[in-house]
Amino acid sequence: MTPEVLYEDNHIIVVNKRGGDIVQGDKTGDRTLGDDVKAYIKEKYEKPGDVFLGTVHRIDRPTSGIVLFARTSKALARLNQMFQDKEIQKTYWAVTENAPPQKSGTLIHFLTRNEKQNKSYGHTSEKKDSKRAELHYTFEGKSNNYFFIRVEPITGCHHQIRVQLSTIGCVIKGDLKYGAKRSNPDGSIHLHAQKIQFIHPVSKQEIIITAKPPNDPNWNEFYKVMQGR
């Protein structure tokens with residue numbers, strides 16, 4: 001499958017992942033987004049032999065949106081450090097079953113992870129082996145049945161946005177794992193990595209990239225609301 005490329009140069013490549021695609025290999029053995037990006041680079045630039053592609057970060061399999069890869073080892077090392085130093089800003093859009101308690105706010109939870117369930121749990125106080133999770137959210141609008149929330153994660157924990165929103169009653173549409181009433185037909189959830197902003201690891205120019213959400217009635221309504229701002 002040819003990936004939807006949003007930006008590329010000699011050092012980085014940014015793609016818009018479809019919900020259901022997996023970024024990196026796991027026990028399923030399914031073909032990955034990384035495999036598709038490597039094939040795209042190999043064909044476009046007629047590269048002999050193996051193509052270098054560094055995975056800088058991942059987004060959950062049922063989530064759609066922006067994924068950033070490194071095309072050189074230099075860019076990979078620098079981007080990894082930038083993520084660690086929280087120098088890369090990301091924005092997500094979420095369609096939820098309920099409205100948040102306030103128009104905007106900052107959520108802080110302590111997450112524990114159950115490996116067997118591949119699920120995280122949110123707590124209001126620190127627990128053994130918990131990780132501090134923080135995000136900022138803004139309520140942006142609603143459709144007939146759902147609510148639109150913009151999220152800016154400050155930390156990067158396993159399933160962070162999904163579990164933190166569900167903890168305040170804002171379960172993401174289609175996210176059965178965290179309490180949604182029903183699944184989406186294609187197995188995706190209505191969480192989309194919509195924007196990424198960072199300083200290019202080599203050229204030092206500011207890079208701002210946005211990704212249009214999938215084509216369905218709720219995402220189209222959300223997109224229309226945001227375009228009107």
# chains A, B, ... in the order shown; residues from 1 in each chain; ligands from 1
$ residues_around --residues "region 100-116 of chain A" --least-positions-apart "4" --cutoff "10 Å" --atoms "only C-alpha atoms" --output "PyMOL selection string"
chain A and resi 96+120-141+147-155+157-161+163-171
$ write_last_selection --atoms "C-alpha atoms" --output "JSON list (two decimals), in the first residue's frame"
[["chain", "number", "residue", "atom", "x", "y", "z"],
["A", 96, "THR", "CA", -15.97, 11.31, 22.05],
["A", 120, "SER", "CA", -3.38, 1.16, 30.84],
["A", 121, "TYR", "CA", -5.29, 2.34, 33.90],
["A", 122, "GLY", "CA", -5.50, 5.92, 35.16],
["A", 123, "HIS", "CA", -5.14, 6.85, 38.84],
["A", 124, "THR", "CA", -5.38, 10.22, 40.55],
["A", 125, "SER", "CA", -2.39, 9.49, 42.80],
["A", 126, "GLU", "CA", 0.97, 7.80, 42.29],
["A", 127, "LYS", "CA", 0.98, 4.00, 42.34],
["A", 128, "LYS", "CA", 3.73, 1.40, 42.23],
["A", 129, "ASP", "CA", 5.34, 1.39, 38.75],
["A", 130, "SER", "CA", 3.01, 4.15, 37.55],
["A", 131, "LYS", "CA", 3.99, 6.83, 35.02],
["A", 132, "ARG", "CA", 2.87, 10.44, 35.25],
["A", 133, "ALA", "CA", 0.66, 11.41, 32.30],
["A", 134, "GLU", "CA", -0.32, 14.98, 31.45],
["A", 135, "LEU", "CA", -2.32, 16.50, 28.62],
["A", 136, "HIS", "CA", -4.23, 19.66, 27.79],
["A", 137, "TYR", "CA", -7.64, 19.45, 26.13],
["A", 138, "THR", "CA", -10.03, 21.93, 24.51],
["A", 139, "PHE", "CA", -13.68, 21.30, 23.64],
["A", 140, "GLU", "CA", -14.16, 22.38, 20.00],
["A", 141, "GLY", "CA", -17.78, 21.52, 19.12],
["A", 147, "PHE", "CA", -18.32, 15.71, 20.80],
["A", 148, "PHE", "CA", -15.10, 17.12, 19.35],
["A", 149, "ILE", "CA", -12.00, 17.56, 21.51],
["A", 150, "ARG", "CA", -8.53, 18.84, 20.64],
["A", 151, "VAL", "CA", -5.76, 17.31, 22.74],
["A", 152, "GLU", "CA", -2.15, 18.39, 23.27],
["A", 153, "PRO", "CA", -0.24, 15.65, 25.11],
["A", 154, "ILE", "CA", 2.58, 16.91, 27.33],
["A", 155, "THR", "CA", 3.92, 13.46, 28.17],
["A", 157, "CYS", "CA", 2.65, 7.22, 27.83],
["A", 158, "HIS", "CA", 1.04, 3.98, 26.62],
["A", 159, "HIS", "CA", -2.55, 4.71, 25.44],
["A", 160, "GLN", "CA", -2.33, 8.01, 27.31],
["A", 161, "ILE", "CA", -5.00, 10.03, 25.51],
["A", 163, "VAL", "CA", -7.19, 6.31, 29.08],
["A", 164, "GLN", "CA", -7.05, 9.91, 30.31],
["A", 165, "LEU", "CA", -10.12, 10.95, 28.34],
["A", 166, "SER", "CA", -12.02, 7.83, 29.38],
["A", 167, "THR", "CA", -11.16, 8.57, 33.02],
["A", 168, "ILE", "CA", -13.12, 11.86, 32.81],
["A", 169, "GLY", "CA", -16.03, 10.16, 30.99],
["A", 170, "CYS", "CA", -15.01, 11.18, 27.46],
["A", 171, "VAL", "CA", -14.66, 7.75, 25.87]]
$ select_by_dssp --residues "region 20-210 of chain A" --states "alpha helix (DSSP H)" --output "PyMOL selection string"
chain A and resi 33-44+73-84+160-167
$ write_last_selection --atoms "N, CA and C atoms" --output "mmCIF file, in the first residue's frame"
data_model
loop_
_atom_site.group_PDB
_atom_site.id
_atom_site.type_symbol
_atom_site.label_atom_id
_atom_site.label_comp_id
_atom_site.auth_asym_id
_atom_site.auth_seq_id
_atom_site.Cartn_x
_atom_site.Cartn_y
_atom_site.Cartn_z
ATOM 1 N N LEU A 33 3.498 -0.148 8.567
ATOM 2 C CA LEU A 33 3.612 1.132 7.880
ATOM 3 C C LEU A 33 5.069 1.377 7.491
ATOM 4 N N GLY A 34 5.993 1.002 8.371
ATOM 5 C CA GLY A 34 7.417 1.128 8.066
ATOM 6 C C GLY A 34 7.806 0.371 6.806
ATOM 7 N N ASP A 35 7.244 -0.829 6.641
ATOM 8 C CA ASP A 35 7.510 -1.614 5.426
ATOM 9 C C ASP A 35 7.041 -0.865 4.182
ATOM 10 N N ASP A 36 5.849 -0.267 4.280
ATOM 11 C CA ASP A 36 5.292 0.465 3.130
ATOM 12 C C ASP A 36 6.127 1.709 2.804
ATOM 13 N N VAL A 37 6.603 2.403 3.844
ATOM 14 C CA VAL A 37 7.411 3.606 3.616
ATOM 15 C C VAL A 37 8.756 3.231 2.994
ATOM 16 N N LYS A 38 9.358 2.152 3.472
ATOM 17 C CA LYS A 38 10.626 1.686 2.887
ATOM 18 C C LYS A 38 10.444 1.341 1.409
ATOM 19 N N ALA A 39 9.365 0.646 1.094
ATOM 20 C CA ALA A 39 9.094 0.269 -0.302
ATOM 21 C C ALA A 39 8.894 1.512 -1.167
ATOM 22 N N TYR A 40 8.207 2.504 -0.614
ATOM 23 C CA TYR A 40 7.977 3.767 -1.332
ATOM 24 C C TYR A 40 9.307 4.462 -1.633
ATOM 25 N N ILE A 41 10.190 4.556 -0.625
ATOM 26 C CA ILE A 41 11.492 5.217 -0.804
ATOM 27 C C ILE A 41 12.345 4.449 -1.819
ATOM 28 N N LYS A 42 12.346 3.124 -1.688
ATOM 29 C CA LYS A 42 13.158 2.285 -2.572
ATOM 30 C C LYS A 42 12.770 2.475 -4.033
ATOM 31 N N GLU A 43 11.438 2.509 -4.264
ATOM 32 C CA GLU A 43 10.944 2.657 -5.636
ATOM 33 C C GLU A 43 11.159 4.075 -6.155
ATOM 34 N N LYS A 44 10.828 5.071 -5.355
ATOM 35 C CA LYS A 44 10.902 6.464 -5.816
ATOM 36 C C LYS A 44 12.336 6.873 -6.146
ATOM 37 N N SER A 73 20.632 8.082 10.065
ATOM 38 C CA SER A 73 20.927 7.777 11.471
ATOM 39 C C SER A 73 21.150 9.067 12.264
ATOM 40 N N LYS A 74 21.700 10.088 11.612
ATOM 41 C CA LYS A 74 21.905 11.380 12.277
ATOM 42 C C LYS A 74 20.564 11.977 12.701
ATOM 43 N N ALA A 75 19.598 11.986 11.770
ATOM 44 C CA ALA A 75 18.269 12.527 12.083
ATOM 45 C C ALA A 75 17.585 11.697 13.165
ATOM 46 N N LEU A 76 17.748 10.379 13.120
ATOM 47 C CA LEU A 76 17.111 9.504 14.108
ATOM 48 C C LEU A 76 17.616 9.825 15.513
ATOM 49 N N ALA A 77 18.933 9.932 15.674
ATOM 50 C CA ALA A 77 19.508 10.208 16.996
ATOM 51 C C ALA A 77 19.010 11.556 17.525
ATOM 52 N N ARG A 78 18.989 12.561 16.649
ATOM 53 C CA ARG A 78 18.564 13.899 17.092
ATOM 54 C C ARG A 78 17.079 13.960 17.409
ATOM 55 N N LEU A 79 16.262 13.300 16.589
ATOM 56 C CA LEU A 79 14.816 13.295 16.843
ATOM 57 C C LEU A 79 14.484 12.530 18.120
ATOM 58 N N ASN A 80 15.178 11.422 18.351
ATOM 59 C CA ASN A 80 14.971 10.673 19.592
ATOM 60 C C ASN A 80 15.236 11.564 20.805
ATOM 61 N N GLN A 81 16.310 12.338 20.735
ATOM 62 C CA GLN A 81 16.654 13.251 21.832
ATOM 63 C C GLN A 81 15.608 14.344 21.978
ATOM 64 N N MET A 82 15.119 14.843 20.837
ATOM 65 C CA MET A 82 14.101 15.896 20.874
ATOM 66 C C MET A 82 12.809 15.403 21.510
ATOM 67 N N PHE A 83 12.422 14.169 21.203
ATOM 68 C CA PHE A 83 11.234 13.598 21.851
ATOM 69 C C PHE A 83 11.450 13.473 23.351
ATOM 70 N N GLN A 84 12.641 13.006 23.717
ATOM 71 C CA GLN A 84 12.973 12.837 25.131
ATOM 72 C C GLN A 84 12.929 14.182 25.863
ATOM 73 N N GLN A 160 -2.082 6.893 26.401
ATOM 74 C CA GLN A 160 -2.327 8.010 27.313
ATOM 75 C C GLN A 160 -3.625 8.770 27.045
ATOM 76 N N ILE A 161 -3.815 9.219 25.805
ATOM 77 C CA ILE A 161 -4.995 10.034 25.511
ATOM 78 C C ILE A 161 -6.263 9.210 25.712
ATOM 79 N N ARG A 162 -6.215 7.976 25.275
ATOM 80 C CA ARG A 162 -7.396 7.105 25.375
ATOM 81 C C ARG A 162 -7.806 6.894 26.834
ATOM 82 N N VAL A 163 -6.850 6.592 27.685
ATOM 83 C CA VAL A 163 -7.185 6.306 29.083
ATOM 84 C C VAL A 163 -7.497 7.585 29.852
ATOM 85 N N GLN A 164 -6.772 8.671 29.574
ATOM 86 C CA GLN A 164 -7.051 9.905 30.314
ATOM 87 C C GLN A 164 -8.424 10.476 29.976
ATOM 88 N N LEU A 165 -8.788 10.464 28.695
ATOM 89 C CA LEU A 165 -10.122 10.952 28.336
ATOM 90 C C LEU A 165 -11.213 10.046 28.901
ATOM 91 N N SER A 166 -10.998 8.738 28.846
ATOM 92 C CA SER A 166 -12.022 7.825 29.380
ATOM 93 C C SER A 166 -12.193 8.009 30.888
ATOM 94 N N THR A 167 -11.113 8.378 31.573
ATOM 95 C CA THR A 167 -11.159 8.569 33.025
ATOM 96 C C THR A 167 -12.068 9.740 33.407
#
$ select_by_dssp --residues "region 60-189 of chain A" --states "strand (DSSP E)" --output "number ranges by chain"
A: 64-70, 89-96, 104-114, 119-123, 131-142, 147-153
$ closest_residue --among "A:Glu97, A:Val202, A:Ile172, A:Gly19" --to "Pro185 (chain A)" --atoms "only C-alpha atoms"
A:Gly19
$ residues_around --residues "Asn16 (chain A)" --least-positions-apart "2" --cutoff "9 Å" --atoms "only C-alpha atoms" --output "mmCIF file with N, CA and C atoms, in the first residue's frame"
data_model
loop_
_atom_site.group_PDB
_atom_site.id
_atom_site.type_symbol
_atom_site.label_atom_id
_atom_site.label_comp_id
_atom_site.auth_asym_id
_atom_site.auth_seq_id
_atom_site.Cartn_x
_atom_site.Cartn_y
_atom_site.Cartn_z
ATOM 1 N N PRO A 3 1.962 4.765 0.964
ATOM 2 C CA PRO A 3 1.601 5.645 2.083
ATOM 3 C C PRO A 3 1.252 7.050 1.608
ATOM 4 N N GLU A 4 0.438 7.758 2.402
ATOM 5 C CA GLU A 4 0.125 9.156 2.111
ATOM 6 C C GLU A 4 1.229 10.015 2.722
ATOM 7 N N VAL A 5 2.140 10.478 1.872
ATOM 8 C CA VAL A 5 3.296 11.237 2.343
ATOM 9 C C VAL A 5 2.915 12.715 2.482
ATOM 10 N N LEU A 6 3.161 13.276 3.666
ATOM 11 C CA LEU A 6 2.836 14.677 3.939
ATOM 12 C C LEU A 6 4.051 15.586 3.767
ATOM 13 N N VAL A 14 7.375 12.140 6.642
ATOM 14 C CA VAL A 14 6.192 12.195 7.503
ATOM 15 C C VAL A 14 4.999 11.680 6.704
ATOM 16 N N ARG A 18 -3.248 5.409 8.243
ATOM 17 C CA ARG A 18 -4.658 5.026 8.314
ATOM 18 C C ARG A 18 -4.908 4.271 9.620
ATOM 19 N N SER A 64 -5.409 7.047 13.725
ATOM 20 C CA SER A 64 -4.927 7.543 12.427
ATOM 21 C C SER A 64 -4.048 8.775 12.651
ATOM 22 N N GLY A 65 -3.361 9.184 11.577
ATOM 23 C CA GLY A 65 -2.670 10.463 11.625
ATOM 24 C C GLY A 65 -1.168 10.411 11.465
ATOM 25 N N ILE A 66 -0.531 11.485 11.892
ATOM 26 C CA ILE A 66 0.865 11.766 11.585
ATOM 27 C C ILE A 66 1.837 10.806 12.270
ATOM 28 N N VAL A 67 2.726 10.246 11.450
ATOM 29 C CA VAL A 67 3.856 9.470 11.965
ATOM 30 C C VAL A 67 5.120 9.998 11.296
ATOM 31 N N ALA A 193 -3.942 11.848 15.006
ATOM 32 C CA ALA A 193 -2.769 12.698 15.225
ATOM 33 C C ALA A 193 -2.759 13.747 14.120
ATOM 34 N N GLN A 194 -3.232 14.946 14.439
ATOM 35 C CA GLN A 194 -3.569 15.943 13.411
ATOM 36 C C GLN A 194 -2.428 16.901 13.074
ATOM 37 N N THR A 210 0.325 19.258 9.113
ATOM 38 C CA THR A 210 -1.016 18.843 9.527
ATOM 39 C C THR A 210 -1.496 17.705 8.627
ATOM 40 N N ALA A 211 -2.380 16.884 9.167
ATOM 41 C CA ALA A 211 -2.928 15.747 8.425
ATOM 42 C C ALA A 211 -4.442 15.773 8.506
ATOM 43 N N LYS A 212 -5.085 15.688 7.359
ATOM 44 C CA LYS A 212 -6.546 15.650 7.321
ATOM 45 C C LYS A 212 -7.025 14.325 7.912
ATOM 46 N N PRO A 213 -8.099 14.332 8.694
ATOM 47 C CA PRO A 213 -8.598 13.083 9.268
ATOM 48 C C PRO A 213 -9.266 12.207 8.214
#
$ residues_around --residues "region 55-62 of chain A" --least-positions-apart "5" --cutoff "6 Å" --atoms "only C-alpha atoms" --output "NGL selection string"
:A and (19-22 or 69 or 188-189)
$ atom_distance --atom1 "CA of His200 (chain A)" --atom2 "CA of Arg31 (chain A)"
28.7 Å
$ closest_residue --among "A:Asn144, A:Thr32, A:Gln227, A:Asn98" --to "Ala180 (chain A)" --atoms "only C-alpha atoms"
A:Asn98
$ closest_residue --among "A:Val15, A:Ala94, A:Met1, A:Leu68" --to "Leu191 (chain A)" --atoms "only C-alpha atoms"
A:Ala94
